[in-house]
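Enquirer: Quick one: the structure is below, questions incoming.
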Amino acid sequence: MARRKIIAGNWKMNMTPTEAVELIETLKPLVASDEVDVVFCVPAIDIIPAVAAVKGTNIAIGAENMYFEESGAYTGETSPKMLTEAGVKYVIIGHSERREYFAESDETVNKKVLKAFAHNLTPIVCCGESLTQREQGITIDWIRQQIKIAFLNVSADQAATAVIAYEPIWAIGTGKVATTEQAQEVCAAIRVCMAEIYDQATADAIRIQYGGSVTAASAAELFSQADIDGGLVGGASLKPDFGKIVNYK
Ligand code: 13P
């Protein structure tokens with residue numbers, strides 16, 4: 001079964017609202033594509049102008065995070081309802097930077113994943129090992145645990161529409177991209193894990209991205225691997241190079 005590739009930018013904490021619209025205007029013609037899904041995950045304050053700026057294009061807007069409650073006394077948080085009303089389609093959940101700097105656990109990731117599905121948002125569920133874990137040889141065990149907890153109580157129908165991003169922590173923002181073999185090995189293991197939790201058809205439907213220092217130079221080889229269905233791109237998504245990554249073929 002051919003899975004449609006999905007190439008998403010994660011802007012992280014970059015771009016003011018004005019800069020966001022300028023960047024979208026620059027990238028619009030460069031990321032035009034009938035072949036792949038293109039997503040810009042932008043800071044919360046940029047969502048409304050970004051949704052307006054991409055109107056009529058092939059670009060979907062994603063959020064970089066959300067909270068798992070509907071509303072209430074949670075100062076500083078953004079609810080799933082706020083995101084859907086603003087026109088957001090995707091939401092990154094459990095990025096390693098959120099796990100590291102904002103104490104997100106596998107359990108909170110699971111709560112957010114469930115809530116995203118409940119609100120028809122497609123979660124981009126992040127997982128990834130540290131360099132120490134890779135050197136200890138526990139990468140696959142670690143990823144399997146992250147995935148199993150993230151998808152607890154998620155139905156097969158929901159899981160089939162999910163996006164999973166494999167992002168080795170040692171490759172994020174370091175310029176040290178994983179080898180295609182390393183990336184494919186873990187993405188394949190994630191698919192096996194999903195087949196164990198659900199069934200093969202569900203596992204075959206899920207799109208699994210690689211993220212970590214993806215550039216125009218590395219995209220084609222990575223995205224041509226059997227179990228890599230696109231990328232989650234940080235630094236390079238803020239540059240015209242993102243057009244080359246989207247049109248990697
Ligand atoms: P870089 O592409 O800057 O390494 O970031 C990857 C990432 O964390 C995407 O979510």
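Chain lettering (A, B, ...) mirrors the order of the structure tokens, residue numbering begins at 1 for each chain separately, and ligand numbering begins at 1 in order of display.
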Using only C-alpha atoms and all ligand atoms, find each residue in chain A having at least one atom no more than 9 Å away from ligand 1; report its shortest atom-to-atom pair and that distance in Å (one decimal), rows by chain then rising number, as a tab-separated table.
Expert:
residue	atom	partner	partner_atom_place_in_ligand_line	distance
A:Ala8	CA	ligand 1	9 (C)	8.5
A:Gly9	CA	ligand 1	9 (C)	7.0
A:Asn10	CA	ligand 1	10 (O)	5.1
A:Trp11	CA	ligand 1	9 (C)	8.0
A:Lys12	CA	ligand 1	10 (O)	7.6
A:Glu64	CA	ligand 1	10 (O)	8.9
A:Ile92	CA	ligand 1	10 (O)	8.3
A:His95	CA	ligand 1	10 (O)	6.6
A:Ser96	CA	ligand 1	8 (O)	7.5
A:Glu97	CA	ligand 1	8 (O)	7.6
A:Cys126	CA	ligand 1	10 (O)	8.1
A:Ala165	CA	ligand 1	10 (O)	8.0
A:Glu167	CA	ligand 1	8 (O)	6.7
A:Pro168	CA	ligand 1	8 (O)	8.8
A:Ile169	CA	ligand 1	8 (O)	7.9
A:Trp170	CA	ligand 1	4 (O)	8.9
A:Ala171	CA	ligand 1	4 (O)	6.0
A:Ile172	CA	ligand 1	4 (O)	3.6
A:Gly173	CA	ligand 1	4 (O)	3.5
A:Thr174	CA	ligand 1	4 (O)	6.1
A:Gly175	CA	ligand 1	4 (O)	6.5
A:Lys176	CA	ligand 1	4 (O)	8.1
A:Val177	CA	ligand 1	4 (O)	7.8
A:Tyr210	CA	ligand 1	9 (C)	8.7
A:Gly211	CA	ligand 1	6 (C)	5.1
A:Gly212	CA	ligand 1	4 (O)	3.9
A:Ser213	CA	ligand 1	4 (O)	3.4
A:Val214	CA	ligand 1	2 (O)	5.2
A:Thr215	CA	ligand 1	2 (O)	7.4
A:Gly231	CA	ligand 1	9 (C)	8.3
A:Leu232	CA	ligand 1	9 (C)	4.9
A:Val233	CA	ligand 1	2 (O)	4.3
A:Gly234	CA	ligand 1	2 (O)	3.4
A:Gly235	CA	ligand 1	3 (O)	3.8
A:Ala236	CA	ligand 1	2 (O)	6.0
A:Ser237	CA	ligand 1	2 (O)	7.5
Enquirer: I want to know what sits within 8 Å of segment 18-28 of chain A, based on only C-alpha atoms, with residues of the same chain fewer than 2 positions away left out; could you give that as a PDB file with N, CA, C and O atoms, in the first residue's frame?
Expert:
ATOM      1  N   MET A  15      10.008  33.033  14.732  1.00  0.00           N
ATOM      2  CA  MET A  15       9.082  33.788  13.888  1.00  0.00           C
ATOM      3  C   MET A  15       7.980  34.500  14.694  1.00  0.00           C
ATOM      4  O   MET A  15       7.124  33.856  15.298  1.00  0.00           O
ATOM      5  N   THR A  16       8.032  35.821  14.646  1.00  0.00           N
ATOM      6  CA  THR A  16       6.926  36.635  15.176  1.00  0.00           C
ATOM      7  C   THR A  16       5.768  36.506  14.185  1.00  0.00           C
ATOM      8  O   THR A  16       5.966  36.018  13.063  1.00  0.00           O
ATOM      9  N   LEU A  30       7.448  27.661  -3.315  1.00  0.00           N
ATOM     10  CA  LEU A  30       8.526  26.658  -3.276  1.00  0.00           C
ATOM     11  C   LEU A  30       8.040  25.306  -2.782  1.00  0.00           C
ATOM     12  O   LEU A  30       8.624  24.272  -3.095  1.00  0.00           O
ATOM     13  N   VAL A  31       6.988  25.296  -1.962  1.00  0.00           N
ATOM     14  CA  VAL A  31       6.513  24.025  -1.381  1.00  0.00           C
ATOM     15  C   VAL A  31       5.259  23.514  -2.086  1.00  0.00           C
ATOM     16  O   VAL A  31       4.644  22.553  -1.628  1.00  0.00           O
ATOM     17  N   ALA A  32       4.902  24.151  -3.194  1.00  0.00           N
ATOM     18  CA  ALA A  32       3.734  23.666  -3.948  1.00  0.00           C
ATOM     19  C   ALA A  32       4.012  22.235  -4.396  1.00  0.00           C
ATOM     20  O   ALA A  32       5.101  21.935  -4.891  1.00  0.00           O
ATOM     21  N   ASP A  46       1.300  32.475  16.214  1.00  0.00           N
ATOM     22  CA  ASP A  46       1.352  32.625  14.754  1.00  0.00           C
ATOM     23  C   ASP A  46       0.238  31.867  14.037  1.00  0.00           C
ATOM     24  O   ASP A  46       0.080  31.997  12.818  1.00  0.00           O
ATOM     25  N   PRO A  49      -2.672  34.158  11.993  1.00  0.00           N
ATOM     26  CA  PRO A  49      -2.188  34.740  10.728  1.00  0.00           C
ATOM     27  C   PRO A  49      -1.667  33.689   9.747  1.00  0.00           C
ATOM     28  O   PRO A  49      -1.810  33.858   8.527  1.00  0.00           O
ATOM     29  N   ALA A  50      -1.107  32.590  10.262  1.00  0.00           N
ATOM     30  CA  ALA A  50      -0.578  31.555   9.357  1.00  0.00           C
ATOM     31  C   ALA A  50      -1.717  30.860   8.609  1.00  0.00           C
ATOM     32  O   ALA A  50      -1.627  30.615   7.403  1.00  0.00           O
ATOM     33  N   ALA A  53      -2.787  33.066   5.925  1.00  0.00           N
ATOM     34  CA  ALA A  53      -1.778  33.201   4.858  1.00  0.00           C
ATOM     35  C   ALA A  53      -1.717  31.988   3.940  1.00  0.00           C
ATOM     36  O   ALA A  53      -1.324  32.109   2.782  1.00  0.00           O
ATOM     37  N   VAL A  54      -2.071  30.802   4.451  1.00  0.00           N
ATOM     38  CA  VAL A  54      -1.974  29.593   3.601  1.00  0.00           C
ATOM     39  C   VAL A  54      -3.286  29.277   2.879  1.00  0.00           C
ATOM     40  O   VAL A  54      -3.351  28.303   2.136  1.00  0.00           O
ATOM     41  N   THR A  57      -3.831  27.319  -0.569  1.00  0.00           N
ATOM     42  CA  THR A  57      -2.596  26.619  -0.947  1.00  0.00           C
ATOM     43  C   THR A  57      -2.668  25.171  -0.478  1.00  0.00           C
ATOM     44  O   THR A  57      -3.646  24.755   0.144  1.00  0.00           O
ATOM     45  N   ILE A  59      -0.711  24.004   1.778  1.00  0.00           N
ATOM     46  CA  ILE A  59      -0.068  23.957   3.102  1.00  0.00           C
ATOM     47  C   ILE A  59      -1.125  23.855   4.199  1.00  0.00           C
ATOM     48  O   ILE A  59      -2.088  24.621   4.206  1.00  0.00           O
ATOM     49  N   LEU A 238      12.793  26.700   7.997  1.00  0.00           N
ATOM     50  CA  LEU A 238      12.696  28.161   8.078  1.00  0.00           C
ATOM     51  C   LEU A 238      13.398  28.827   6.900  1.00  0.00           C
ATOM     52  O   LEU A 238      13.565  30.041   6.876  1.00  0.00           O
ATOM     53  N   LYS A 239      13.838  28.003   5.962  1.00  0.00           N
ATOM     54  CA  LYS A 239      14.627  28.531   4.845  1.00  0.00           C
ATOM     55  C   LYS A 239      14.030  28.077   3.514  1.00  0.00           C
ATOM     56  O   LYS A 239      13.314  27.079   3.463  1.00  0.00           O
ATOM     57  N   PRO A 240      14.371  28.787   2.438  1.00  0.00           N
ATOM     58  CA  PRO A 240      13.895  28.359   1.111  1.00  0.00           C
ATOM     59  C   PRO A 240      14.246  26.902   0.802  1.00  0.00           C
ATOM     60  O   PRO A 240      13.573  26.251   0.014  1.00  0.00           O
ATOM     61  N   PHE A 242      13.525  24.473   2.368  1.00  0.00           N
ATOM     62  CA  PHE A 242      12.391  23.588   2.687  1.00  0.00           C
ATOM     63  C   PHE A 242      11.654  23.193   1.404  1.00  0.00           C
ATOM     64  O   PHE A 242      11.120  22.085   1.314  1.00  0.00           O
ATOM     65  N   GLY A 243      11.653  24.096   0.427  1.00  0.00           N
ATOM     66  CA  GLY A 243      11.042  23.777  -0.865  1.00  0.00           C
ATOM     67  C   GLY A 243      11.726  22.592  -1.521  1.00  0.00           C
ATOM     68  O   GLY A 243      11.077  21.724  -2.117  1.00  0.00           O
TER      69      GLY A 243
END
Enquirer: Per DSSP on the backbone, filter segment 34-226 of chain A down to the residues in strand (DSSP E or B) and report them as a count of residues only.
Expert: 30
Enquirer: Out of A:Glu185, A:Pro123, A:Ile190, A:Gln133, which residue has the shortest atom-to-atom distance to Ala159 of chain A when counting only C-alpha atoms?
Expert: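 That would be A:Pro123, the residue with the smallest distance to Ala159 of chain A.
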Enquirer: Kindly indicate which residue among A:Ala63, A:Ile164, A:Ala203, A:Val42 lies nearest to Gly230 of chain A, using only C-alpha atoms for the distances.
Expert: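 Under the stated criterion, the closest residue is A:Ile164.
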Enquirer: Which polymer residues have any atom within 6 Å of an atom of segment 107-117 of chain A, counting only C-alpha atoms, with same-chain residues fewer than 5 positions away left out, as a PyMOL selection string?
Expert: chain A and resi 68+94+150
Enquirer: Need the shell around Asp227 of chain A: protein/DNA/RNA residues with any atom at most 6 Å away, counting only C-alpha atoms. Skip same-chain ones fewer than 2 positions apart. Format as a list of chain:residue names?
Expert: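 With the cut-off at 6 Å, the set is A:Cys187, A:Ala188, A:Gln225.
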Enquirer: Which residues, written as a list in words, have at least one atom at most 7 Å from Gly87 of chain A, with only C-alpha atoms counted and residues fewer than 3 positions away on the same chain left out?
Expert: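 Here the qualifying residues turn out to be Val51, Leu83 and Thr84 of chain A.
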Enquirer: Just list the residues in segment 85-239 of chain A DSSP gives helix (DSSP H, G or I) on the backbone, as a ChimeraX atom specification.
Expert: /A:85-86,96-101,106-118,131-136,139-150,156-159,169-171,180-197,200-205,216-223,235-238
Enquirer: Measuring between only C-alpha atoms, which one of A:Leu222, A:Leu152, A:Ala189, A:Ala86 shows the shortest distance to Asp106 of chain A?
Expert: A:Leu152
Enquirer: Using only C-alpha atoms, which protein or nucleic acid residues come within 10 Å of Lys81 of chain A? Drop anything in the same chain fewer than 2 positions from it, and give the result as number ranges by chain.
Expert: A: 66, 69-71, 78-79, 83-86, 88, 115-116, 118-121
Enquirer: Record the distance separating atom CA of Gln145 of chain A and atom CA of Gly62 of chain A, expressed in Å with one decimal.
Expert: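 Atom CA of Gln145 of chain A sits 25.6 Å away from atom CA of Gly62 of chain A.
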Enquirer: Which is closest to Ile140 of chain A among A:Cys193, A:Ala201, A:Val154, A:Ala2, if we use only C-alpha atoms?
Expert: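 Result for the nearest residue to Ile140 of chain A: A:Cys193.
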Enquirer: Tell me, as a list in words, which residues lie within 6 Å of Ala216 of chain A, counting only C-alpha atoms; anything in the same chain fewer than 2 positions away does not count.
Expert: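 Those residues are Ser218, Ala219, Lys244 and Ile245 of chain A.
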